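Below is the file structure12.pdb, which contains PDB, N, CA and C atoms.
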ATOM      1  N   MET N   1       8.733 -16.737  10.901  1.00  0.00           N
ATOM      2  CA  MET N   1       7.937 -15.641  11.419  1.00  0.00           C
ATOM      3  C   MET N   1       8.646 -14.319  11.140  1.00  0.00           C
ATOM      4  N   ARG N   2       7.872 -13.327  10.717  1.00  0.00           N
ATOM      5  CA  ARG N   2       8.438 -12.017  10.396  1.00  0.00           C
ATOM      6  C   ARG N   2       8.773 -11.231  11.649  1.00  0.00           C
ATOM      7  N   ARG N   3       9.828 -10.460  11.545  1.00  0.00           N
ATOM      8  CA  ARG N   3      10.211  -9.570  12.618  1.00  0.00           C
ATOM      9  C   ARG N   3       9.364  -8.300  12.547  1.00  0.00           C
ATOM     10  N   ALA N   4       9.072  -7.700  13.659  1.00  0.00           N
ATOM     11  CA  ALA N   4       8.255  -6.485  13.706  1.00  0.00           C
ATOM     12  C   ALA N   4       8.974  -5.321  13.026  1.00  0.00           C
ATOM     13  N   LEU N   5       8.189  -4.451  12.414  1.00  0.00           N
ATOM     14  CA  LEU N   5       8.726  -3.239  11.810  1.00  0.00           C
ATOM     15  C   LEU N   5       8.754  -2.130  12.848  1.00  0.00           C
ATOM     16  N   ALA N   6       9.765  -1.291  12.766  1.00  0.00           N
ATOM     17  CA  ALA N   6       9.853  -0.139  13.649  1.00  0.00           C
ATOM     18  C   ALA N   6       9.685   1.115  12.791  1.00  0.00           C
ATOM     19  N   LEU N   7       8.449   1.591  12.675  1.00  0.00           N
ATOM     20  CA  LEU N   7       8.169   2.779  11.886  1.00  0.00           C
ATOM     21  C   LEU N   7       8.139   4.005  12.791  1.00  0.00           C
ATOM     22  N   THR N   8       8.624   5.123  12.268  1.00  0.00           N
ATOM     23  CA  THR N   8       8.524   6.382  13.007  1.00  0.00           C
ATOM     24  C   THR N   8       7.076   6.862  12.937  1.00  0.00           C
ATOM     25  N   GLU N   9       6.755   7.861  13.733  1.00  0.00           N
ATOM     26  CA  GLU N   9       5.394   8.411  13.697  1.00  0.00           C
ATOM     27  C   GLU N   9       5.066   8.961  12.317  1.00  0.00           C
ATOM     28  N   ASP N  10       6.017   9.658  11.701  1.00  0.00           N
ATOM     29  CA  ASP N  10       5.789  10.213  10.364  1.00  0.00           C
ATOM     30  C   ASP N  10       5.594   9.115   9.327  1.00  0.00           C
ATOM     31  N   GLN N  11       6.371   8.044   9.422  1.00  0.00           N
ATOM     32  CA  GLN N  11       6.226   6.925   8.486  1.00  0.00           C
ATOM     33  C   GLN N  11       4.867   6.254   8.658  1.00  0.00           C
ATOM     34  N   MET N  12       4.450   6.067   9.897  1.00  0.00           N
ATOM     35  CA  MET N  12       3.156   5.446  10.170  1.00  0.00           C
ATOM     36  C   MET N  12       2.026   6.323   9.659  1.00  0.00           C
ATOM     37  N   ARG N  13       2.155   7.634   9.824  1.00  0.00           N
ATOM     38  CA  ARG N  13       1.143   8.567   9.310  1.00  0.00           C
ATOM     39  C   ARG N  13       1.035   8.473   7.793  1.00  0.00           C
ATOM     40  N   LEU N  14       2.173   8.334   7.116  1.00  0.00           N
ATOM     41  CA  LEU N  14       2.172   8.202   5.660  1.00  0.00           C
ATOM     42  C   LEU N  14       1.409   6.954   5.229  1.00  0.00           C
ATOM     43  N   VAL N  15       1.702   5.830   5.878  1.00  0.00           N
ATOM     44  CA  VAL N  15       1.025   4.572   5.549  1.00  0.00           C
ATOM     45  C   VAL N  15      -0.466   4.682   5.854  1.00  0.00           C
ATOM     46  N   GLU N  16      -0.808   5.233   6.996  1.00  0.00           N
ATOM     47  CA  GLU N  16      -2.222   5.393   7.370  1.00  0.00           C
ATOM     48  C   GLU N  16      -2.955   6.306   6.389  1.00  0.00           C
ATOM     49  N   ARG N  17      -2.326   7.406   5.979  1.00  0.00           N
ATOM     50  CA  ARG N  17      -2.956   8.338   5.041  1.00  0.00           C
ATOM     51  C   ARG N  17      -3.217   7.661   3.693  1.00  0.00           C
ATOM     52  N   ALA N  18      -2.256   6.874   3.237  1.00  0.00           N
ATOM     53  CA  ALA N  18      -2.436   6.166   1.965  1.00  0.00           C
ATOM     54  C   ALA N  18      -3.547   5.126   2.088  1.00  0.00           C
ATOM     55  N   ALA N  19      -3.592   4.398   3.189  1.00  0.00           N
ATOM     56  CA  ALA N  19      -4.608   3.362   3.391  1.00  0.00           C
ATOM     57  C   ALA N  19      -6.000   3.975   3.548  1.00  0.00           C
ATOM     58  N   ARG N  20      -6.083   5.133   4.156  1.00  0.00           N
ATOM     59  CA  ARG N  20      -7.373   5.782   4.393  1.00  0.00           C
ATOM     60  C   ARG N  20      -8.113   6.079   3.092  1.00  0.00           C
ATOM     61  N   GLY N  21      -7.364   6.343   2.030  1.00  0.00           N
ATOM     62  CA  GLY N  21      -7.982   6.651   0.752  1.00  0.00           C
ATOM     63  C   GLY N  21      -8.480   5.441  -0.015  1.00  0.00           C
ATOM     64  N   LEU N  22      -8.248   4.260   0.526  1.00  0.00           N
ATOM     65  CA  LEU N  22      -8.633   3.025  -0.159  1.00  0.00           C
ATOM     66  C   LEU N  22      -9.970   2.497   0.358  1.00  0.00           C
ATOM     67  N   ALA N  23     -10.613   1.692  -0.473  1.00  0.00           N
ATOM     68  CA  ALA N  23     -11.814   0.991  -0.016  1.00  0.00           C
ATOM     69  C   ALA N  23     -11.410   0.066   1.133  1.00  0.00           C
ATOM     70  N   VAL N  24     -12.289  -0.095   2.086  1.00  0.00           N
ATOM     71  CA  VAL N  24     -11.993  -0.898   3.275  1.00  0.00           C
ATOM     72  C   VAL N  24     -11.483  -2.290   2.900  1.00  0.00           C
ATOM     73  N   GLU N  25     -12.106  -2.924   1.897  1.00  0.00           N
ATOM     74  CA  GLU N  25     -11.707  -4.283   1.520  1.00  0.00           C
ATOM     75  C   GLU N  25     -10.338  -4.336   0.853  1.00  0.00           C
ATOM     76  N   ALA N  26      -9.791  -3.214   0.420  1.00  0.00           N
ATOM     77  CA  ALA N  26      -8.473  -3.182  -0.224  1.00  0.00           C
ATOM     78  C   ALA N  26      -7.346  -2.905   0.769  1.00  0.00           C
ATOM     79  N   ARG N  27      -7.680  -2.458   1.950  1.00  0.00           N
ATOM     80  CA  ARG N  27      -6.657  -2.024   2.910  1.00  0.00           C
ATOM     81  C   ARG N  27      -5.771  -3.158   3.404  1.00  0.00           C
ATOM     82  N   ASP N  28      -6.335  -4.313   3.655  1.00  0.00           N
ATOM     83  CA  ASP N  28      -5.549  -5.435   4.157  1.00  0.00           C
ATOM     84  C   ASP N  28      -4.445  -5.808   3.170  1.00  0.00           C
ATOM     85  N   GLY N  29      -4.805  -5.972   1.919  1.00  0.00           N
ATOM     86  CA  GLY N  29      -3.815  -6.310   0.900  1.00  0.00           C
ATOM     87  C   GLY N  29      -2.766  -5.223   0.744  1.00  0.00           C
ATOM     88  N   PHE N  30      -3.200  -3.965   0.820  1.00  0.00           N
ATOM     89  CA  PHE N  30      -2.278  -2.835   0.737  1.00  0.00           C
ATOM     90  C   PHE N  30      -1.257  -2.898   1.871  1.00  0.00           C
ATOM     91  N   LEU N  31      -1.737  -3.062   3.100  1.00  0.00           N
ATOM     92  CA  LEU N  31      -0.837  -3.095   4.253  1.00  0.00           C
ATOM     93  C   LEU N  31       0.112  -4.297   4.205  1.00  0.00           C
ATOM     94  N   LYS N  32      -0.384  -5.444   3.748  1.00  0.00           N
ATOM     95  CA  LYS N  32       0.489  -6.621   3.624  1.00  0.00           C
ATOM     96  C   LYS N  32       1.577  -6.382   2.590  1.00  0.00           C
ATOM     97  N   THR N  33       1.230  -5.740   1.474  1.00  0.00           N
ATOM     98  CA  THR N  33       2.233  -5.447   0.449  1.00  0.00           C
ATOM     99  C   THR N  33       3.276  -4.472   0.977  1.00  0.00           C
ATOM    100  N   VAL N  34       2.840  -3.444   1.696  1.00  0.00           N
ATOM    101  CA  VAL N  34       3.793  -2.498   2.290  1.00  0.00           C
ATOM    102  C   VAL N  34       4.735  -3.247   3.225  1.00  0.00           C
ATOM    103  N   ALA N  35       4.192  -4.056   4.111  1.00  0.00           N
ATOM    104  CA  ALA N  35       5.012  -4.791   5.076  1.00  0.00           C
ATOM    105  C   ALA N  35       5.969  -5.761   4.386  1.00  0.00           C
ATOM    106  N   ASP N  36       5.533  -6.386   3.302  1.00  0.00           N
ATOM    107  CA  ASP N  36       6.388  -7.327   2.579  1.00  0.00           C
ATOM    108  C   ASP N  36       7.621  -6.655   1.983  1.00  0.00           C
ATOM    109  N   HIS N  37       7.541  -5.358   1.740  1.00  0.00           N
ATOM    110  CA  HIS N  37       8.655  -4.632   1.136  1.00  0.00           C
ATOM    111  C   HIS N  37       9.546  -3.931   2.153  1.00  0.00           C
ATOM    112  N   LEU N  38       9.253  -4.104   3.424  1.00  0.00           N
ATOM    113  CA  LEU N  38      10.034  -3.441   4.463  1.00  0.00           C
ATOM    114  C   LEU N  38      10.609  -4.452   5.443  1.00  0.00           C
ATOM    115  N   THR N  39      11.739  -4.098   6.025  1.00  0.00           N
ATOM    116  CA  THR N  39      12.339  -4.934   7.068  1.00  0.00           C
ATOM    117  C   THR N  39      12.872  -4.042   8.178  1.00  0.00           C
ATOM    118  N   GLY N  40      12.801  -4.546   9.390  1.00  0.00           N
ATOM    119  CA  GLY N  40      13.420  -3.903  10.542  1.00  0.00           C
ATOM    120  C   GLY N  40      13.076  -2.446  10.751  1.00  0.00           C
ATOM    121  N   ASP N  41      14.064  -1.590  10.568  1.00  0.00           N
ATOM    122  CA  ASP N  41      13.958  -0.159  10.829  1.00  0.00           C
ATOM    123  C   ASP N  41      14.150   0.583   9.507  1.00  0.00           C
ATOM    124  N   PRO N  42      13.100   0.662   8.666  1.00  0.00           N
ATOM    125  CA  PRO N  42      13.255   1.199   7.317  1.00  0.00           C
ATOM    126  C   PRO N  42      13.465   2.716   7.289  1.00  0.00           C
ATOM    127  N   SER N  43      14.131   3.160   6.244  1.00  0.00           N
ATOM    128  CA  SER N  43      14.311   4.601   6.028  1.00  0.00           C
ATOM    129  C   SER N  43      13.003   5.202   5.509  1.00  0.00           C
ATOM    130  N   ASP N  44      12.926   6.517   5.542  1.00  0.00           N
ATOM    131  CA  ASP N  44      11.741   7.206   5.010  1.00  0.00           C
ATOM    132  C   ASP N  44      11.557   6.872   3.528  1.00  0.00           C
ATOM    133  N   ASP N  45      12.662   6.857   2.783  1.00  0.00           N
ATOM    134  CA  ASP N  45      12.587   6.541   1.353  1.00  0.00           C
ATOM    135  C   ASP N  45      12.070   5.133   1.118  1.00  0.00           C
ATOM    136  N   ALA N  46      12.460   4.187   1.967  1.00  0.00           N
ATOM    137  CA  ALA N  46      11.998   2.807   1.821  1.00  0.00           C
ATOM    138  C   ALA N  46      10.494   2.715   2.064  1.00  0.00           C
ATOM    139  N   VAL N  47       9.985   3.468   3.031  1.00  0.00           N
ATOM    140  CA  VAL N  47       8.548   3.455   3.323  1.00  0.00           C
ATOM    141  C   VAL N  47       7.778   4.071   2.160  1.00  0.00           C
ATOM    142  N   VAL N  48       8.270   5.186   1.634  1.00  0.00           N
ATOM    143  CA  VAL N  48       7.613   5.818   0.486  1.00  0.00           C
ATOM    144  C   VAL N  48       7.594   4.851  -0.700  1.00  0.00           C
ATOM    145  N   ALA N  49       8.711   4.187  -0.944  1.00  0.00           N
ATOM    146  CA  ALA N  49       8.784   3.235  -2.060  1.00  0.00           C
ATOM    147  C   ALA N  49       7.814   2.075  -1.845  1.00  0.00           C
ATOM    148  N   ALA N  50       7.733   1.560  -0.630  1.00  0.00           N
ATOM    149  CA  ALA N  50       6.827   0.441  -0.338  1.00  0.00           C
ATOM    150  C   ALA N  50       5.365   0.863  -0.524  1.00  0.00           C
ATOM    151  N   VAL N  51       5.021   2.061  -0.088  1.00  0.00           N
ATOM    152  CA  VAL N  51       3.657   2.568  -0.269  1.00  0.00           C
ATOM    153  C   VAL N  51       3.353   2.696  -1.758  1.00  0.00           C
ATOM    154  N   ASN N  52       4.303   3.224  -2.525  1.00  0.00           N
ATOM    155  CA  ASN N  52       4.094   3.376  -3.967  1.00  0.00           C
ATOM    156  C   ASN N  52       3.927   2.036  -4.669  1.00  0.00           C
ATOM    157  N   VAL N  53       4.731   1.049  -4.297  1.00  0.00           N
ATOM    158  CA  VAL N  53       4.599  -0.289  -4.881  1.00  0.00           C
ATOM    159  C   VAL N  53       3.220  -0.861  -4.573  1.00  0.00           C
ATOM    160  N   ALA N  54       2.790  -0.722  -3.320  1.00  0.00           N
ATOM    161  CA  ALA N  54       1.482  -1.262  -2.919  1.00  0.00           C
ATOM    162  C   ALA N  54       0.347  -0.572  -3.662  1.00  0.00           C
ATOM    163  N   LEU N  55       0.432   0.743  -3.817  1.00  0.00           N
ATOM    164  CA  LEU N  55      -0.605   1.467  -4.553  1.00  0.00           C
ATOM    165  C   LEU N  55      -0.599   1.091  -6.030  1.00  0.00           C
ATOM    166  N   ASP N  56       0.590   0.919  -6.593  1.00  0.00           N
ATOM    167  CA  ASP N  56       0.688   0.501  -8.000  1.00  0.00           C
ATOM    168  C   ASP N  56       0.075  -0.879  -8.205  1.00  0.00           C
ATOM    169  N   ARG N  57       0.339  -1.784  -7.282  1.00  0.00           N
ATOM    170  CA  ARG N  57      -0.251  -3.130  -7.401  1.00  0.00           C
ATOM    171  C   ARG N  57      -1.764  -3.087  -7.316  1.00  0.00           C
ATOM    172  N   LEU N  58      -2.284  -2.265  -6.424  1.00  0.00           N
ATOM    173  CA  LEU N  58      -3.739  -2.123  -6.312  1.00  0.00           C
ATOM    174  C   LEU N  58      -4.323  -1.525  -7.586  1.00  0.00           C
ATOM    175  N   ALA N  59      -3.653  -0.540  -8.144  1.00  0.00           N
ATOM    176  CA  ALA N  59      -4.141   0.088  -9.371  1.00  0.00           C
ATOM    177  C   ALA N  59      -4.176  -0.927 -10.501  1.00  0.00           C
ATOM    178  N   LEU N  60      -3.151  -1.770 -10.609  1.00  0.00           N
ATOM    179  CA  LEU N  60      -3.133  -2.801 -11.640  1.00  0.00           C
ATOM    180  C   LEU N  60      -4.261  -3.793 -11.414  1.00  0.00           C
ATOM    181  N   PHE N  61      -4.455  -4.184 -10.170  1.00  0.00           N
ATOM    182  CA  PHE N  61      -5.504  -5.142  -9.837  1.00  0.00           C
ATOM    183  C   PHE N  61      -6.875  -4.569 -10.162  1.00  0.00           C
ATOM    184  N   LEU N  62      -7.098  -3.317  -9.782  1.00  0.00           N
ATOM    185  CA  LEU N  62      -8.398  -2.698 -10.019  1.00  0.00           C
ATOM    186  C   LEU N  62      -8.629  -2.457 -11.504  1.00  0.00           C
ATOM    187  N   CYS N  63      -7.586  -2.092 -12.227  1.00  0.00           N
ATOM    188  CA  CYS N  63      -7.731  -1.856 -13.673  1.00  0.00           C
ATOM    189  C   CYS N  63      -7.999  -3.155 -14.412  1.00  0.00           C
ATOM    190  N   ASP N  64      -7.426  -4.262 -13.955  1.00  0.00           N
ATOM    191  CA  ASP N  64      -7.671  -5.555 -14.600  1.00  0.00           C
ATOM    192  C   ASP N  64      -9.139  -5.948 -14.512  1.00  0.00           C
ATOM    193  N   GLY N  65      -9.818  -5.524 -13.470  1.00  0.00           N
ATOM    194  CA  GLY N  65     -11.218  -5.881 -13.292  1.00  0.00           C
ATOM    195  C   GLY N  65     -12.189  -4.880 -13.898  1.00  0.00           C
ATOM    196  N   ALA N  66     -11.665  -3.774 -14.420  1.00  0.00           N
ATOM    197  CA  ALA N  66     -12.530  -2.742 -14.985  1.00  0.00           C
ATOM    198  C   ALA N  66     -13.029  -3.177 -16.364  1.00  0.00           C
ATOM    199  N   PRO N  67     -14.264  -2.839 -16.674  1.00  0.00           N
ATOM    200  CA  PRO N  67     -14.785  -3.208 -17.999  1.00  0.00           C
ATOM    201  C   PRO N  67     -14.060  -2.449 -19.101  1.00  0.00           C
ATOM    202  N   THR N  68     -13.873  -3.077 -20.228  1.00  0.00           N
ATOM    203  CA  THR N  68     -13.251  -2.425 -21.373  1.00  0.00           C
ATOM    204  C   THR N  68     -14.288  -1.589 -22.090  1.00  0.00           C
ATOM    205  N   LYS N  69     -13.852  -0.748 -22.999  1.00  0.00           N
ATOM    206  CA  LYS N  69     -14.792   0.086 -23.751  1.00  0.00           C
ATOM    207  C   LYS N  69     -15.788  -0.777 -24.515  1.00  0.00           C
ATOM    208  N   GLU N  70     -15.326  -1.911 -25.048  1.00  0.00           N
ATOM    209  CA  GLU N  70     -16.198  -2.787 -25.814  1.00  0.00           C
ATOM    210  C   GLU N  70     -17.277  -3.412 -24.929  1.00  0.00           C
ATOM    211  N   ALA N  71     -16.967  -3.621 -23.656  1.00  0.00           N
ATOM    212  CA  ALA N  71     -17.918  -4.290 -22.769  1.00  0.00           C
ATOM    213  C   ALA N  71     -18.956  -3.312 -22.198  1.00  0.00           C
ATOM    214  N   ARG N  72     -18.708  -2.021 -22.348  1.00  0.00           N
ATOM    215  CA  ARG N  72     -19.648  -1.028 -21.823  1.00  0.00           C
ATOM    216  C   ARG N  72     -20.841  -0.885 -22.766  1.00  0.00           C
ATOM    217  N   PRO N  73     -22.023  -0.633 -22.191  1.00  0.00           N
ATOM    218  CA  PRO N  73     -23.221  -0.447 -23.038  1.00  0.00           C
ATOM    219  C   PRO N  73     -23.169   0.846 -23.823  1.00  0.00           C
TER     220      PRO N  73
END
In structure tokens, what does this structure look like?
Amino acid sequence: MRRALALTEDQMRLVERAARGLAVEARDGFLKTVADHLTGDPSDDAVVAAVNVALDRLALFLCDGAPTKEARP
């Protein structure tokens, strides 16, 4: 079982702001990826890095499903 994260108010606001810009169905995966990259009492830099990793993974996932130029009418 994972230990709870202790995020500061500013760190939580950063995560919430990043999640708010995502489609509702993408938020769960985003938050799980952020949590997977953090432990205990993370630094501000660690939270920023985790948010960036999660956003990068979502971008890769979304781009993989996008139609290619050849597939467009």
Picked residues, the PyMOL selection byres ((chain N and resi 25-38) around 7), expected as an MDAnalysis selection string: chainID N and resid 5 19 22:24 39:42 46 50:51 53:55
Work out where the centre of an axis-aligned box around every listed atom of region 43-52 of chain N lies and how long its edges are once 4 Å is added on each side; give both in Å to one decimal as lines of an AutoDock Vina configuration file.
center_x = 8.8
center_y = 3.8
center_z = 0.8
size_x = 19.0
size_y = 14.8
size_z = 18.9
Point-to-point distance from CA of Asp44 (chain N) to CA of Ala6 (chain N), Å rounded to tenths: 11.5 Å
